>>> print(open('upload_15.csv').read())   # CSV, C-alpha atoms
chain,number,residue,atom,x,y,z
A,1,MET,CA,25.2,49.2,29.0
A,2,LEU,CA,28.6,48.6,27.4
A,3,ALA,CA,27.5,45.3,25.8
A,4,THR,CA,24.4,47.0,24.5
A,5,ALA,CA,26.4,49.7,22.8
A,6,TRP,CA,28.7,47.2,21.2
A,7,VAL,CA,25.8,45.1,19.9
A,8,LYS,CA,24.3,48.2,18.4
A,9,SER,CA,27.6,49.1,16.7
A,10,ILE,CA,28.1,45.6,15.4
A,11,GLY,CA,24.6,45.6,14.0
A,12,ALA,CA,25.4,48.7,12.0
A,13,VAL,CA,28.8,47.3,10.8
A,14,SER,CA,27.2,44.0,9.8
A,15,GLY,CA,24.4,45.6,7.9
A,16,ARG,CA,21.6,44.7,10.5
A,17,ALA,CA,19.4,47.7,11.2
A,18,THR,CA,19.0,48.6,14.9
A,19,GLU,CA,15.9,50.6,15.8
A,20,GLY,CA,16.5,54.1,16.9
A,21,VAL,CA,20.3,54.0,16.4
A,22,THR,CA,22.3,55.9,13.8
A,23,LEU,CA,26.1,55.2,13.8
A,24,THR,CA,28.7,56.5,11.5
A,25,THR,CA,31.7,54.9,13.3
A,26,PRO,CA,32.1,52.0,15.8
A,27,ILE,CA,31.9,53.0,19.4
A,28,LEU,CA,35.4,53.3,20.9
A,29,MET,CA,34.5,53.6,24.6
A,30,THR,CA,34.4,49.8,25.3
A,31,PRO,CA,35.8,47.4,26.1
A,32,PRO,CA,38.5,48.8,28.4
A,33,PHE,CA,42.2,48.9,27.5
A,34,CYS,CA,44.5,46.2,28.9
A,35,GLY,CA,46.4,48.5,31.2
A,36,SER,CA,45.9,51.8,33.0
A,37,GLY,CA,47.0,55.1,31.5
A,38,PHE,CA,48.3,55.9,28.0
A,39,SER,CA,52.1,55.8,28.6
A,40,ASN,CA,52.5,53.5,25.6
A,41,PRO,CA,49.7,54.3,23.1
A,42,PRO,CA,50.8,51.8,20.3
A,43,GLN,CA,50.9,48.8,22.6
A,44,LYS,CA,47.6,49.9,24.2
A,45,THR,CA,46.0,50.3,20.8
A,46,ARG,CA,47.1,46.8,19.7
A,47,CYS,CA,45.7,45.4,22.9
A,48,PHE,CA,42.4,47.3,22.4
A,49,ILE,CA,42.1,46.1,18.8
A,50,GLY,CA,42.6,42.5,19.9
A,51,ARG,CA,39.9,42.8,22.5
A,52,GLN,CA,37.7,44.6,20.1
A,53,ARG,CA,38.0,41.7,17.7
A,54,ARG,CA,37.1,39.2,20.4
A,55,TRP,CA,34.1,41.3,21.5
A,56,LEU,CA,33.1,41.6,17.8
A,57,ALA,CA,33.3,37.8,17.3
A,58,ILE,CA,31.3,37.0,20.5
A,59,CYS,CA,28.5,39.5,19.8
A,60,ALA,CA,28.3,38.6,16.1
A,61,GLY,CA,28.0,35.0,17.1
A,62,LEU,CA,25.2,35.8,19.5
A,63,ILE,CA,23.4,37.8,16.8
A,64,TRP,CA,23.8,35.0,14.3
A,65,LEU,CA,22.6,32.4,16.8
A,66,GLY,CA,19.6,34.4,17.8
A,67,SER,CA,18.5,35.1,14.2
A,68,GLY,CA,19.0,31.4,13.3
A,69,GLN,CA,16.8,30.3,16.2
A,70,ALA,CA,14.1,32.8,15.2
A,71,ALA,CA,14.1,31.7,11.5
A,72,GLN,CA,14.0,27.9,12.2
A,73,PRO,CA,10.3,27.7,13.5
A,74,ALA,CA,9.2,29.8,10.5
A,75,ASP,CA,10.9,27.3,8.1
A,76,ASN,CA,9.1,24.4,9.9
A,77,ARG,CA,5.8,26.1,9.6
A,78,GLN,CA,6.2,26.7,5.9
A,79,ALA,CA,7.3,23.0,5.4
A,80,ARG,CA,4.2,21.8,7.3
A,81,GLU,CA,1.9,24.1,5.3
A,82,ILE,CA,3.3,22.8,2.0
A,83,VAL,CA,3.1,19.1,3.0
A,84,GLY,CA,-0.3,19.7,4.4
A,85,ARG,CA,-1.5,21.1,1.1
A,86,VAL,CA,-0.2,18.0,-0.7
A,87,THR,CA,-2.1,15.7,1.6
A,88,ARG,CA,-5.3,17.6,0.8
A,89,LEU,CA,-4.9,17.5,-3.0
A,90,PHE,CA,-7.7,14.9,-3.4
A,91,THR,CA,-10.0,16.2,-0.8
A,92,GLY,CA,-12.3,19.3,-0.7
A,93,GLN,CA,-15.3,20.1,1.4
A,94,SER,CA,-16.5,16.9,-0.3
A,95,THR,CA,-15.0,14.6,-3.0
A,96,ILE,CA,-16.6,12.0,-5.3
A,97,ALA,CA,-14.1,10.0,-7.4
A,98,THR,CA,-13.9,7.0,-9.7
A,99,VAL,CA,-10.5,5.3,-9.4
A,100,GLU,CA,-8.9,2.4,-11.2
A,101,MET,CA,-6.3,0.3,-9.4
A,102,GLU,CA,-4.0,-1.9,-11.4
A,103,ILE,CA,-1.9,-4.5,-9.5
A,104,THR,CA,1.1,-5.9,-11.3
A,105,LYS,CA,3.1,-8.8,-9.8
A,106,PRO,CA,5.2,-11.6,-11.4
A,107,GLY,CA,2.5,-13.9,-12.8
A,108,LEU,CA,-0.4,-11.7,-11.8
A,109,HIS,CA,-2.1,-8.7,-13.4
A,110,ARG,CA,-5.4,-7.5,-11.9
A,111,LYS,CA,-7.6,-4.4,-12.2
A,112,ILE,CA,-10.0,-3.1,-9.6
A,113,LEU,CA,-12.5,-0.3,-10.2
A,114,MET,CA,-13.5,1.7,-7.1
A,115,GLN,CA,-15.7,4.7,-6.2
A,116,PHE,CA,-14.8,7.1,-3.4
A,117,TRP,CA,-16.9,9.5,-1.4
A,118,SER,CA,-15.4,11.8,1.2
A,119,VAL,CA,-16.1,14.8,3.4
A,120,GLY,CA,-12.9,16.4,4.3
A,121,GLN,CA,-10.6,13.7,5.6
A,122,SER,CA,-12.8,12.6,8.5
A,123,LYS,CA,-15.4,10.7,6.5
A,124,VAL,CA,-14.6,8.3,3.7
A,125,LEU,CA,-16.5,5.6,1.9
A,126,VAL,CA,-14.8,3.3,-0.6
A,127,ARG,CA,-16.9,0.8,-2.7
A,128,ILE,CA,-15.6,-1.7,-5.2
A,129,ARG,CA,-17.5,-1.9,-8.5
A,130,GLN,CA,-15.3,-4.4,-10.4
A,131,PRO,CA,-14.3,-7.2,-10.8
A,132,ARG,CA,-17.5,-9.0,-10.3
A,133,GLU,CA,-16.1,-11.4,-7.6
A,134,ASP,CA,-15.2,-8.4,-5.4
A,135,ALA,CA,-18.1,-6.0,-6.3
A,136,GLY,CA,-19.9,-4.7,-3.3
A,137,THR,CA,-16.9,-4.9,-0.9
A,138,ALA,CA,-16.9,-1.5,0.9
A,139,ILE,CA,-14.9,0.3,3.6
A,140,LEU,CA,-16.3,3.1,5.8
A,141,LYS,CA,-14.1,5.3,7.8
A,142,VAL,CA,-15.5,7.9,10.2
A,143,GLY,CA,-13.0,9.7,12.4
A,144,ASN,CA,-10.6,7.1,13.8
A,145,LYS,CA,-13.1,4.2,13.4
A,146,ALA,CA,-13.4,2.0,10.3
A,147,TRP,CA,-15.6,-0.9,9.1
A,148,MET,CA,-15.5,-3.3,6.1
A,149,TYR,CA,-18.5,-4.9,4.5
A,150,LEU,CA,-17.9,-8.4,2.9
A,151,PRO,CA,-20.7,-9.2,0.5
A,152,LYS,CA,-19.9,-12.9,0.1
A,153,ALA,CA,-20.4,-13.4,3.9
A,154,ASN,CA,-23.0,-10.6,4.1
A,155,ARG,CA,-21.1,-9.4,7.1
A,156,THR,CA,-19.8,-6.0,8.4
A,157,ILE,CA,-16.6,-6.1,10.6
A,158,ALA,CA,-14.9,-3.5,12.6
A,159,MET,CA,-11.3,-2.8,11.4
A,160,SER,CA,-8.4,-2.5,13.8
A,161,GLY,CA,-5.5,-0.2,13.3
A,162,SER,CA,-3.3,-3.1,12.2
A,163,MET,CA,-5.8,-4.0,9.5
A,164,MET,CA,-5.6,-0.5,8.1
A,165,MET,CA,-1.9,-0.9,7.8
A,166,THR,CA,-1.9,-4.2,5.8
A,167,PRO,CA,-1.9,-4.4,2.0
A,168,TRP,CA,-5.4,-4.0,0.6
A,169,MET,CA,-6.9,-6.4,-2.0
A,170,GLY,CA,-3.4,-7.7,-2.8
A,171,SER,CA,-2.1,-4.2,-3.8
A,172,ASP,CA,0.9,-2.3,-2.6
A,173,PHE,CA,-1.4,0.3,-1.0
A,174,THR,CA,-2.8,0.0,2.5
A,175,LEU,CA,-6.2,1.4,3.5
A,176,ASP,CA,-4.3,3.9,5.6
A,177,ASP,CA,-2.6,5.1,2.4
A,178,LEU,CA,-5.9,5.6,0.7
A,179,THR,CA,-8.0,7.1,3.5
A,180,SER,CA,-5.7,8.7,6.1
A,181,GLN,CA,-3.2,11.1,4.5
A,182,THR,CA,-3.6,13.5,7.4
A,183,ARG,CA,-1.4,11.1,9.4
A,184,LEU,CA,1.6,12.7,7.6
A,185,THR,CA,1.0,16.1,9.2
A,186,ASN,CA,-0.5,14.8,12.5
A,187,ASP,CA,2.0,12.1,13.4
A,188,TYR,CA,5.3,13.4,11.9
A,189,THR,CA,7.5,16.5,12.4
A,190,ILE,CA,8.3,18.1,9.1
A,191,MET,CA,11.6,19.7,8.1
A,192,THR,CA,12.9,21.2,4.8
A,193,SER,CA,15.9,18.9,3.9
A,194,PHE,CA,16.9,20.1,0.4
A,195,VAL,CA,16.2,23.0,-1.8
A,196,GLY,CA,17.7,23.1,-5.3
A,197,TYR,CA,17.4,21.6,-8.8
A,198,ARG,CA,17.1,18.1,-10.1
A,199,GLY,CA,16.9,17.4,-13.8
A,200,GLY,CA,16.6,21.2,-14.4
A,201,VAL,CA,13.5,21.4,-12.2
A,202,ALA,CA,13.4,23.5,-9.0
A,203,ILE,CA,12.3,21.2,-6.2
A,204,SER,CA,12.2,21.0,-2.4
A,205,ASP,CA,12.6,17.9,-0.3
A,206,TYR,CA,10.7,17.6,3.0
A,207,THR,CA,11.7,15.0,5.6
A,208,LEU,CA,9.0,13.7,7.9
A,209,SER,CA,10.1,12.1,11.2
A,210,PRO,CA,7.6,10.3,13.5
A,211,LYS,CA,6.7,12.0,16.7
A,212,PRO,CA,7.6,10.1,19.9
A,213,ALA,CA,4.1,9.0,20.7
A,214,ALA,CA,2.9,8.4,17.1
A,215,ALA,CA,1.7,4.9,16.2
A,216,VAL,CA,3.3,4.7,12.7
A,217,VAL,CA,5.2,2.0,10.9
A,218,TRP,CA,7.7,4.2,9.0
A,219,GLY,CA,11.0,5.5,10.5
A,220,LYS,CA,11.1,8.3,8.0
A,221,VAL,CA,9.1,9.7,5.0
A,222,VAL,CA,10.7,12.0,2.4
A,223,LEU,CA,8.6,14.0,-0.1
A,224,GLU,CA,9.9,15.8,-3.2
A,225,ILE,CA,7.7,18.7,-4.4
A,226,ARG,CA,8.1,21.0,-7.4
A,227,ARG,CA,8.5,24.6,-6.3
A,228,ALA,CA,6.8,26.1,-9.3
A,229,ASP,CA,3.4,24.6,-8.7
A,230,LEU,CA,3.8,22.7,-5.4
A,231,MET,CA,3.0,19.4,-7.0
A,232,PRO,CA,4.4,16.2,-5.5
A,233,VAL,CA,7.0,14.3,-7.6
A,234,TRP,CA,7.7,11.3,-5.3
A,235,GLN,CA,7.3,10.1,-1.8
A,236,ARG,CA,9.7,7.7,-0.2
A,237,TYR,CA,9.2,5.5,2.8
A,238,TYR,CA,12.0,4.3,5.1
A,239,ASP,CA,11.9,1.7,7.8
A,240,GLU,CA,13.2,2.2,11.4
A,241,SER,CA,16.8,1.2,10.3
A,242,GLY,CA,16.8,3.9,7.6
A,243,LYS,CA,16.4,1.5,4.7
A,244,LEU,CA,14.3,2.7,1.7
A,245,VAL,CA,11.4,0.3,1.5
A,246,ARG,CA,9.0,1.7,-1.1
A,247,GLU,CA,8.3,4.8,-3.2
A,248,LEU,CA,5.2,6.5,-4.5
A,249,LEU,CA,5.5,8.3,-7.9
A,250,PHE,CA,3.2,11.1,-9.1
A,251,SER,CA,2.5,12.0,-12.7
A,252,ASP,CA,-0.1,13.1,-15.3
A,253,TYR,CA,-0.9,16.4,-13.7
A,254,ALA,CA,-4.3,17.8,-14.8
A,255,HIS,CA,-6.6,20.6,-13.9
A,256,VAL,CA,-9.7,19.1,-12.3
A,257,GLY,CA,-12.5,21.0,-10.6
A,258,GLY,CA,-10.5,24.2,-10.6
A,259,ARG,CA,-7.3,22.6,-9.1
A,260,LEU,CA,-4.2,21.0,-10.3
A,261,ILE,CA,-3.7,17.4,-9.2
A,262,PRO,CA,-1.6,14.3,-10.2
A,263,THR,CA,-4.0,11.8,-11.7
A,264,HIS,CA,-1.6,8.9,-12.0
A,265,LEU,CA,0.1,7.4,-8.9
A,266,VAL,CA,2.4,4.4,-8.8
A,267,MET,CA,3.5,2.6,-5.6
A,268,ARG,CA,6.6,0.4,-5.9
A,269,PRO,CA,7.9,-1.9,-3.1
A,270,LEU,CA,11.6,-1.8,-3.6
A,271,ASP,CA,12.3,-5.3,-2.2
A,272,HIS,CA,10.0,-6.9,-4.9
A,273,PRO,CA,11.4,-6.1,-8.3
A,274,GLY,CA,8.7,-6.1,-11.1
A,275,GLN,CA,5.9,-5.4,-8.6
A,276,GLN,CA,3.8,-2.2,-8.5
A,277,THR,CA,0.3,-0.9,-8.0
A,278,THR,CA,-1.0,2.0,-10.2
A,279,VAL,CA,-3.9,4.2,-9.2
A,280,THR,CA,-5.5,6.3,-11.9
A,281,TYR,CA,-8.2,8.9,-11.2
A,282,ASP,CA,-10.7,8.5,-14.1
A,283,ASN,CA,-13.1,11.1,-12.7
A,284,ILE,CA,-13.2,13.3,-9.7
A,285,VAL,CA,-15.7,16.0,-8.6
A,286,PHE,CA,-15.0,18.4,-5.7
A,287,ASP,CA,-17.4,20.1,-3.4
A,288,ALA,CA,-20.6,18.4,-4.6
A,289,PRO,CA,-23.3,17.8,-2.0
A,290,ILE,CA,-23.1,14.4,-0.2
A,291,SER,CA,-25.8,13.2,2.2
A,292,ASP,CA,-24.7,12.4,5.7
A,293,THR,CA,-26.4,9.0,5.3
A,294,THR,CA,-23.7,8.1,2.8
A,295,PHE,CA,-21.3,7.6,5.7
A,296,SER,CA,-23.5,5.2,7.8
A,297,LEU,CA,-23.1,1.6,8.6
A,298,LYS,CA,-26.5,0.9,7.0
A,299,ASN,CA,-25.2,2.3,3.7
A,300,LEU,CA,-22.2,0.0,3.7
A,301,LYS,CA,-24.4,-2.8,2.4
A,302,PRO,CA,-25.5,-1.8,-1.2
>>> encode(input="upload_15.csv", output="structure tokens")
Amino acid sequence: MLATAWVKSIGAVSGRATEGVTLTTPILMTPPFCGSGFSNPPQKTRCFIGRQRRWLAICAGLIWLGSGQAAQPADNRQAREIVGRVTRLFTGQSTIATVEMEITKPGLHRKILMQFWSVGQSKVLVRIRQPREDAGTAILKVGNKAWMYLPKANRTIAMSGSMMMTPWMGSDFTLDDLTSQTRLTNDYTIMTSFVGYRGGVAISDYTLSPKPAAAVVWGKVVLEIRRADLMPVWQRYYDESGKLVRELLFSDYAHVGGRLIPTHLVMRPLDHPGQQTTVTYDNIVFDAPISDTTFSLKNLKP
């Protein structure tokens, strides 16, 4: 009863509204004075003020702690929603895209032209069109299962999880990078780690930490997003020791199919200077009808 009265009075003093309570002055009934009687009012008053301050500090701390605990889950939900939106930038109910991948390494420069078909993020087909020696190579992913068709061997093989995590076609991207962006929201906890300005641009950073049971290779992923339009700026990948290993840069934002997306992506492994892989979306169509037979093992072979 006494503690409740003091919490209500503190709420009024600190500017926090308390339902059904109107106060004009702090309640002076509690806590009790140090001694009994009022033979020495000045001393008793000083003792009361000291206890009043201690009660004020304790109750204010409880109010601050309670409000902080209530706000934290809301911040986490917002961070997850924003990161989830970024992972879905290139997917709609369906997506058909033509993509050019350019691989640059010391002594090597190579271009690969690919076509993507997807329904949400659960069904993905990737087929290489050029160069001629790789044309016809295809990857099919349905749910958690994936297969690759190798035209030179005229063979279809089931792909393990480790194969999805290895560099694809000599690039700095893995198949998991290209087909499984939902892993960022499914396998990681997401927290807002920075809100402010960089280079005069309002941005927010989101830090993704792997969940205990998640089968992921990264110890941490950090994503920078522009606050004005929620477009990604860069995504950085750290190993389990906290070392920055690679970064993905986004640019050339354009309105395509009624949505704003970055059409130019560059992946850079930071332990290999002068090496990078660029992905450019030459054409992308959202929500066009795609037959279910597109995502069949029979369709892997052109």
>>> atom_distance(input="upload_15.csv", atom1="CA of Thr294 in chain A", atom2="CA of Ile261 in chain A")
25.1 Å
>>> atom_distance(input="upload_15.csv", atom1="CA of Lys220 in chain A", atom2="CA of Leu208 in chain A")
5.8 Å
>>> atom_distance(input="upload_15.csv", atom1="CA of Asp282 in chain A", atom2="CA of Thr98 in chain A")
5.6 Å
>>> closest_residue(input="upload_15.csv", among="A:Asp252, A:Gln115, A:Lys123, A:Ile82", to="Ala138 in chain A", atoms="only C-alpha atoms")
A:Gln115
>>> closest_atom_pairs(input="upload_15.csv", of="range 189-253 of chain A", to="range 157-180 of chain A", cutoff="12 Å", atoms="all atoms listed in the file", output="CSV")
residue,atom,partner,partner_atom,distance
A:Ala215,CA,A:Gly161,CA,9.3
A:Val216,CA,A:Met165,CA,9.1
A:Val217,CA,A:Met165,CA,8.3
A:Trp218,CA,A:Met165,CA,10.9
A:Gln235,CA,A:Asp177,CA,11.9
A:Tyr237,CA,A:Asp177,CA,11.8
A:Val245,CA,A:Asp172,CA,11.6
A:Arg246,CA,A:Asp172,CA,9.2
A:Glu247,CA,A:Asp172,CA,10.3
A:Leu248,CA,A:Phe173,CA,9.7
>>> closest_residue(input="upload_15.csv", among="A:Phe90, A:Lys298, A:Thr280, A:Ala153", to="Met114 in chain A", atoms="all atoms listed in the file")
A:Thr280
>>> residues_around(input="upload_15.csv", residues="Phe116 in chain A", least_positions_apart="2", cutoff="6 Å", atoms="only C-alpha atoms", output="PyMOL selection string")
chain A and resi 96-97+125-126
>>> closest_residue(input="upload_15.csv", among="A:Pro232, A:Gly84, A:Gly92, A:Pro151", to="Pro262 in chain A", atoms="all atoms listed in the file")
A:Pro232
>>> residues_around(input="upload_15.csv", residues="range 272-277 of chain A", least_positions_apart="2", cutoff="9 Å", atoms="only C-alpha atoms", output="MDAnalysis selection string")
chainID A and resid 101:106 171:173 265:270 279
>>> residues_near_point(input="upload_15.csv", point="(-11.5, 14.1, -13.7)", cutoff="9 Å", atoms="all atoms listed in the file", output="list of chain:residue names")
A:Ala97, A:Thr98, A:Ala254, A:His255, A:Val256, A:Gly257, A:Thr263, A:Tyr281, A:Asp282, A:Asn283, A:Ile284, A:Val285
